[in-house]
Every structure is written in structure tokens, then in C-alpha cells.
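Asks: Pasting work.tsv below, which is TSV, C-alpha atoms.
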chain	number	residue	atom	x	y	z
A	392	MET	CA	80.79	97.96	176.29
A	393	SER	CA	77.03	97.65	176.21
A	394	SER	CA	76.34	100.66	174.01
A	395	ILE	CA	77.66	101.40	170.53
A	396	VAL	CA	77.17	105.16	170.94
A	397	ALA	CA	78.29	107.03	174.04
A	398	LYS	CA	76.71	110.37	174.89
A	399	GLY	CA	77.87	112.92	177.41
A	400	LEU	CA	79.32	116.37	177.97
A	401	ILE	CA	82.71	117.90	177.32
A	402	ALA	CA	83.91	121.15	178.87
A	403	ILE	CA	87.13	122.76	177.64
A	404	THR	CA	88.71	125.80	179.26
A	405	ARG	CA	91.48	127.77	177.64
A	406	ASP	CA	92.63	130.85	179.47
A	407	HIS	CA	95.93	132.48	180.39
A	408	GLY	CA	97.84	129.83	182.34
A	409	VAL	CA	94.79	127.59	182.79
A	410	ARG	CA	93.76	124.78	180.49
A	411	SER	CA	91.36	121.98	181.27
A	412	LEU	CA	89.33	119.22	179.70
A	413	SER	CA	86.45	117.54	181.52
A	414	ILE	CA	84.41	114.65	180.18
A	415	VAL	CA	81.14	113.65	181.84
A	416	TYR	CA	79.87	110.25	180.78
A	417	GLY	CA	77.16	108.45	182.70
A	418	LYS	CA	77.67	109.27	186.35
A	419	ASN	CA	81.43	109.54	185.92
A	420	LEU	CA	83.89	112.38	185.40
A	421	PHE	CA	87.34	112.49	183.81
A	422	THR	CA	89.29	115.71	184.20
A	423	ILE	CA	92.71	117.00	183.27
A	424	GLN	CA	93.85	120.41	184.38
A	425	ASP	CA	97.02	122.24	183.46
A	426	ILE	CA	97.53	125.27	185.64
A	427	ALA	CA	100.76	127.18	185.05
A	428	GLY	CA	102.47	124.01	183.79
A	429	THR	CA	101.34	121.73	186.60
A	430	GLN	CA	99.07	118.91	185.46
A	431	TYR	CA	96.42	117.08	187.45
A	432	VAL	CA	94.46	114.16	186.02
A	433	ALA	CA	91.64	112.39	187.85
A	434	LEU	CA	88.82	109.97	187.26
A	435	VAL	CA	85.79	110.28	189.53
A	436	LYS	CA	83.37	107.37	189.62
A	437	GLN	CA	81.20	105.63	192.18
A	438	GLY	CA	81.99	108.38	194.69
A	439	TYR	CA	85.69	107.63	194.47
A	440	THR	CA	88.39	109.89	193.04
A	441	ARG	CA	91.44	108.26	191.51
A	442	VAL	CA	94.38	110.46	190.55
A	443	LEU	CA	95.90	109.09	187.35
A	444	GLU	CA	99.62	108.68	186.77
A	445	ASN	CA	101.51	108.66	183.45
A	446	VAL	CA	99.69	111.76	182.29
A	447	GLU	CA	101.57	112.42	179.04
A	448	LYS	CA	98.90	110.98	176.71
A	449	TYR	CA	96.24	113.01	178.53
A	450	VAL	CA	98.34	116.17	178.26
A	451	ILE	CA	98.62	115.51	174.51
A	452	LEU	CA	94.83	115.10	174.33
A	453	LEU	CA	94.33	118.34	176.26
A	454	ARG	CA	96.68	120.21	173.90
A	455	ALA	CA	94.84	118.78	170.91
A	456	PHE	CA	91.45	119.94	172.20
A	457	ILE	CA	92.83	123.37	173.15
A	458	SER	CA	94.22	123.79	169.62
A	459	ILE	CA	90.89	122.72	168.13
A	460	MET	CA	89.02	125.17	170.35
A	461	ASN	CA	91.44	127.97	169.39
A	462	ILE	CA	90.47	127.33	165.76
A	463	VAL	CA	86.77	127.22	166.68
A	464	SER	CA	87.13	130.49	168.58
A	465	ASP	CA	88.89	132.18	165.65
A	466	MET	CA	86.33	130.88	163.15
A	467	THR	CA	83.35	132.03	165.19
A	468	GLN	CA	84.94	135.10	166.77
A	469	SER	CA	83.86	133.72	170.13
A	470	ARG	CA	85.18	135.39	173.24
A	471	TYR	CA	84.35	132.44	175.50
A	472	TYR	CA	87.10	130.87	177.59
A	473	THR	CA	85.13	127.77	178.48
A	474	PHE	CA	83.28	125.75	175.88
A	475	LEU	CA	80.60	123.31	177.02
A	476	GLY	CA	78.75	120.99	174.73
A	477	GLU	CA	77.37	117.55	174.12
A	478	PHE	CA	79.37	114.75	172.55
A	479	LYS	CA	78.48	111.52	170.83
A	480	TYR	CA	81.10	108.85	170.31
A	481	ASN	CA	80.54	105.86	168.04
A	482	PHE	CA	82.71	102.97	169.27
A	483	ARG	CA	82.23	100.91	166.13
A	484	LYS	CA	83.04	103.68	163.63
A	485	LYS	CA	85.54	105.42	165.97
A	486	ARG	CA	83.99	108.83	165.44
A	487	LEU	CA	83.52	111.67	167.88
A	488	ARG	CA	81.07	114.53	167.39
A	489	TYR	CA	81.30	117.45	169.80
A	490	GLU	CA	79.00	120.48	169.64
A	491	PRO	CA	80.26	123.25	171.92
A	492	TYR	CA	78.36	126.45	172.45
A	493	VAL	CA	80.46	129.31	171.06
A	494	ASP	CA	77.96	132.05	171.74
A	495	LEU	CA	74.76	132.34	173.70
A	496	MET	CA	72.64	130.79	170.93
A	497	LYS	CA	75.25	129.41	168.52
A	498	LYS	CA	77.06	126.06	168.34
A	499	ALA	CA	80.01	124.82	166.36
A	500	THR	CA	80.47	121.21	165.32
A	501	VAL	CA	83.74	119.32	165.73
A	502	ARG	CA	83.87	115.90	164.07
A	503	ILE	CA	86.90	113.73	164.71
A	504	SER	CA	87.59	110.40	163.01
A	505	THR	CA	90.84	108.45	162.92
A	506	ARG	CA	91.84	110.37	159.78
A	507	THR	CA	90.60	113.96	160.12
A	508	VAL	CA	89.27	116.69	162.32
A	509	ASN	CA	86.44	118.64	160.71
A	510	ILE	CA	85.34	121.90	162.31
A	511	SER	CA	82.28	123.78	161.09
A	512	SER	CA	80.14	126.69	162.13
A	513	GLY	CA	77.55	128.09	159.77
A	514	GLU	CA	79.07	128.35	156.31
A	515	ILE	CA	82.66	128.14	157.54
A	516	SER	CA	84.48	124.82	157.77
A	517	LYS	CA	88.02	123.62	158.23
A	518	LYS	CA	89.61	120.18	157.83
A	519	LEU	CA	92.78	119.11	159.66
A	520	LYS	CA	94.87	115.96	159.33
A	521	LYS	CA	97.49	116.59	162.00
A	522	SER	CA	98.77	119.38	164.18
A	523	LYS	CA	101.99	121.34	163.94
A	524	SER	CA	103.18	119.59	167.11
A	525	GLY	CA	102.49	116.16	165.61
A	526	TYR	CA	99.41	114.73	167.32
A	527	THR	CA	96.98	113.08	164.99
A	528	PRO	CA	93.21	112.54	164.90
A	529	GLU	CA	93.92	108.82	165.41
A	530	LEU	CA	95.73	109.55	168.68
A	531	ILE	CA	92.86	111.79	169.84
A	532	ILE	CA	90.32	109.02	169.13
A	533	GLU	CA	92.48	106.33	170.74
A	534	THR	CA	92.94	108.28	173.98
A	535	PHE	CA	89.32	109.47	174.09
A	536	GLU	CA	88.01	105.92	173.70
A	537	GLU	CA	90.39	104.66	176.38
A	538	ILE	CA	89.01	107.29	178.77
A	539	LEU	CA	85.39	106.35	178.01
A	540	ARG	CA	86.14	102.66	178.51
A	541	SER	CA	87.83	103.35	181.86
A	542	MET	CA	84.77	105.37	182.89
A	543	THR	CA	82.40	102.46	182.19
A	544	ASP	CA	84.64	99.79	183.68
A	545	ASN	CA	82.81	98.55	186.79
A	546	GLU	CA	86.03	98.09	188.68
A	547	VAL	CA	87.42	101.00	190.69
A	548	ARG	CA	91.15	100.79	190.18
Written as C-alpha cells, how would this file's structure read?
Replies:
Amino acid sequence: MSSIVAKGLIAITRDHGVRSLSIVYGKNLFTIQDIAGTQYVALVKQGYTRVLENVEKYVILLRAFISIMNIVSDMTQSRYYTFLGEFKYNFRKKRLRYEPYVDLMKKATVRISTRTVNISSGEISKKLKKSKSGYTPELIIETFEEILRSMTDNEVR
């Protein structure tokens, strides 16, 4: 890994029967889609699309981000179904910062470390240590970093 801080885009969609998470980093794309209970996970890089197997950890990551975005939506009273924003990930400190647009001119900030998820928008903030279904911030960070590393790996597997 040549860079300590990774920068890119994250798009999260949460709608009736459709959930997706897309990460754009460099010239590469990771996407997971869950449409009516059917999951599809792919990594697109160097003009090649590789469908990923063993999707359970990615499904868990998707559920984690959907839950986070549900909280963001409730906090900000956003009616958006898709949230797009920039992310910064610090490999050394294992910290993710994601700033999705929640309204035309308003952003929220989601900070995830191995211990907590902090969500803030304006004066409102919320801190989470784990979800009701049991995934943890540490698992989110671990899977997210694995995805970024696979996106920068020069080998097409």
C-alpha cells in the first residue's frame, strides 16, 4: 500500500427491496447489491469484472452501512434513497470518514474506528458501539480495508 490515506466515493442505496453499496477507489469499483434477497458482489478493475464468491462478510458490511444510513436519514429527516459522498480511510489509524449528502446542500459525517461509529449532522450526534444484529465497528473496518486492498492489488484474480 503506497498511500496511508485512501480517498474515494461511496454510494449507498436503501429502498424497498433494493440495497446496494458501491465503493469507487482509484479507477476501480467494488459493488454489492441485494435485490429482493438475491446478492451480487463484483470487483471491477483494469476493465475486468470479477464476481466475488463467499459474499457473507460483504452482506454484513452492506447491512451495517444500511443501518447507519437509516440512522443518518432519521437524524437529518432526509428523504433520499441513495446517499453519495466522499470517504477518507486512514490505513495506519484504521479510521473511515464518510460524508454523504443528505440534502441538496447538506452533508452528514460518519466516522468509524475499530471501537465506535460516530454519526453527526449539525448539532445532532450519535455514537454506536455495535448493532442489534451483532456486527461491530471493528468488523466494518476490517472488511472495508480488505476491499480497498483488493482494489489496489495489481493482480487481477
Asks: Restrict the calculation to all atoms listed in the file, then for each residue of segment 450-478 of chain A with any atom at most 12 Å from an atom of segment 532-547 of chain A give the closest atom pair and their distance in Å to one decimal, rows by chain and rising residue number, as a tab-separated table.
Replies:
residue	atom	partner	partner_atom	distance
A:Val450	CA	A:Thr534	CA	10.5
A:Ile451	CA	A:Thr534	CA	9.2
A:Leu452	CA	A:Thr534	CA	7.1
A:Leu453	CA	A:Thr534	CA	10.4
A:Ala455	CA	A:Ile532	CA	10.9
A:Phe456	CA	A:Phe535	CA	10.9
A:Phe478	CA	A:Phe535	CA	11.4
Asks: Would you please work out which residue, of A:Ile414, A:Asp494, A:Leu443, A:Val409, is nearest to Ala427 of chain A when using all atoms listed in the file?
Replies: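 Comparing A:Ile414, A:Asp494, A:Leu443, A:Val409 against Ala427 of chain A, the winner is A:Val409.
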Asks: Just the number, please: distance in Å from atom CA of Lys436 of chain A to atom CA of Thr500 of chain A, one decimal.
Replies: 28.1 Å
Asks: Please determine, counting only C-alpha atoms, which residue among A:Glu529, A:Glu514, A:Glu477, A:Asp406 has the shortest atom-to-atom distance to Gln424 of chain A.
Replies: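 For Gln424 of chain A, the nearest of the given residues is A:Asp406.
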Asks: What's the separation between atom CA of Pro528 of chain A and atom CA of Met496 of chain A, in Å to one decimal place?
Replies: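 Interatomic distance here is 28.2 Å.
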Asks: Quick one, how far is atom CA of Thr404 of chain A from atom CA of Thr473 of chain A?
Replies: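 Separation of atom CA of Thr404 of chain A and atom CA of Thr473 of chain A: 4.2 Å.
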Asks: Measuring atom to atom with only C-alpha atoms, identify which of A:Val442, A:Val463, A:Leu530, A:Asn481 is nearest to Lys518 of chain A.
Replies: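 Ranked by minimum distance to Lys518 of chain A, first place goes to A:Val463.
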Asks: May I have the protein, DNA and RNA residues with any atom at most 12 Å from the point (77.1, 104.3, 165.8), counting all atoms listed in the file, written as a PyMOL selection string?
Replies: chain A and resi 394-398+479-488
Asks: Let me make sure I understand: among A:Ala402, A:Arg410, A:Glu490, A:Tyr471, which one has the smallest atom-to-atom distance to Ser458 of chain A if we use all atoms listed in the file?
Replies: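 When distances to Ser458 of chain A are compared using all atoms listed in the file, the smallest one comes from A:Arg410.
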Asks: Could you check the closest approach to His407 of chain A for each of A:Leu475, A:Gly513, A:Asp425, A:Glu444 and tell me which residue wins, using all atoms listed in the file?
Replies: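 Among the listed residues, the smallest separation from His407 of chain A belongs to A:Asp425.
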Asks: Hey, which of A:Thr467, A:Thr505, A:Asn419, A:Gln437 ends up closest to Gly399 of chain A? Count only C-alpha atoms.
Replies: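 Between A:Thr467, A:Thr505, A:Asn419, A:Gln437, the residue approaching Gly399 of chain A most closely is A:Asn419.
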Asks: Got a sec: who's within 7 Å of Val435 of chain A, counting only C-alpha atoms, leaving out chain neighbours fewer than 6 positions off, as a list in words?
Replies: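 Counting only C-alpha atoms, the residues come to Asn419, Leu420, Phe421 and Arg441 of chain A.
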Asks: Could you name the residues that touch Thr422 of chain A at 8 Å or less, counting all atoms listed in the file, but leaving out those on the same chain fewer than 5 positions away, as an MDAnalysis selection string?
Replies: chainID A and resid 411:414 431:434
Asks: With all atoms of segment 454-473 of chain A from the file as input, state the centre and edge lengths in Å to one decimal of the axis-aligned box that has 4 Å extra on each side, as AutoDock Vina command-line options.
Replies:
--center_x 90.0 --center_y 127.1 --center_z 170.8 --size_x 21.3 --size_y 24.6 --size_z 23.3
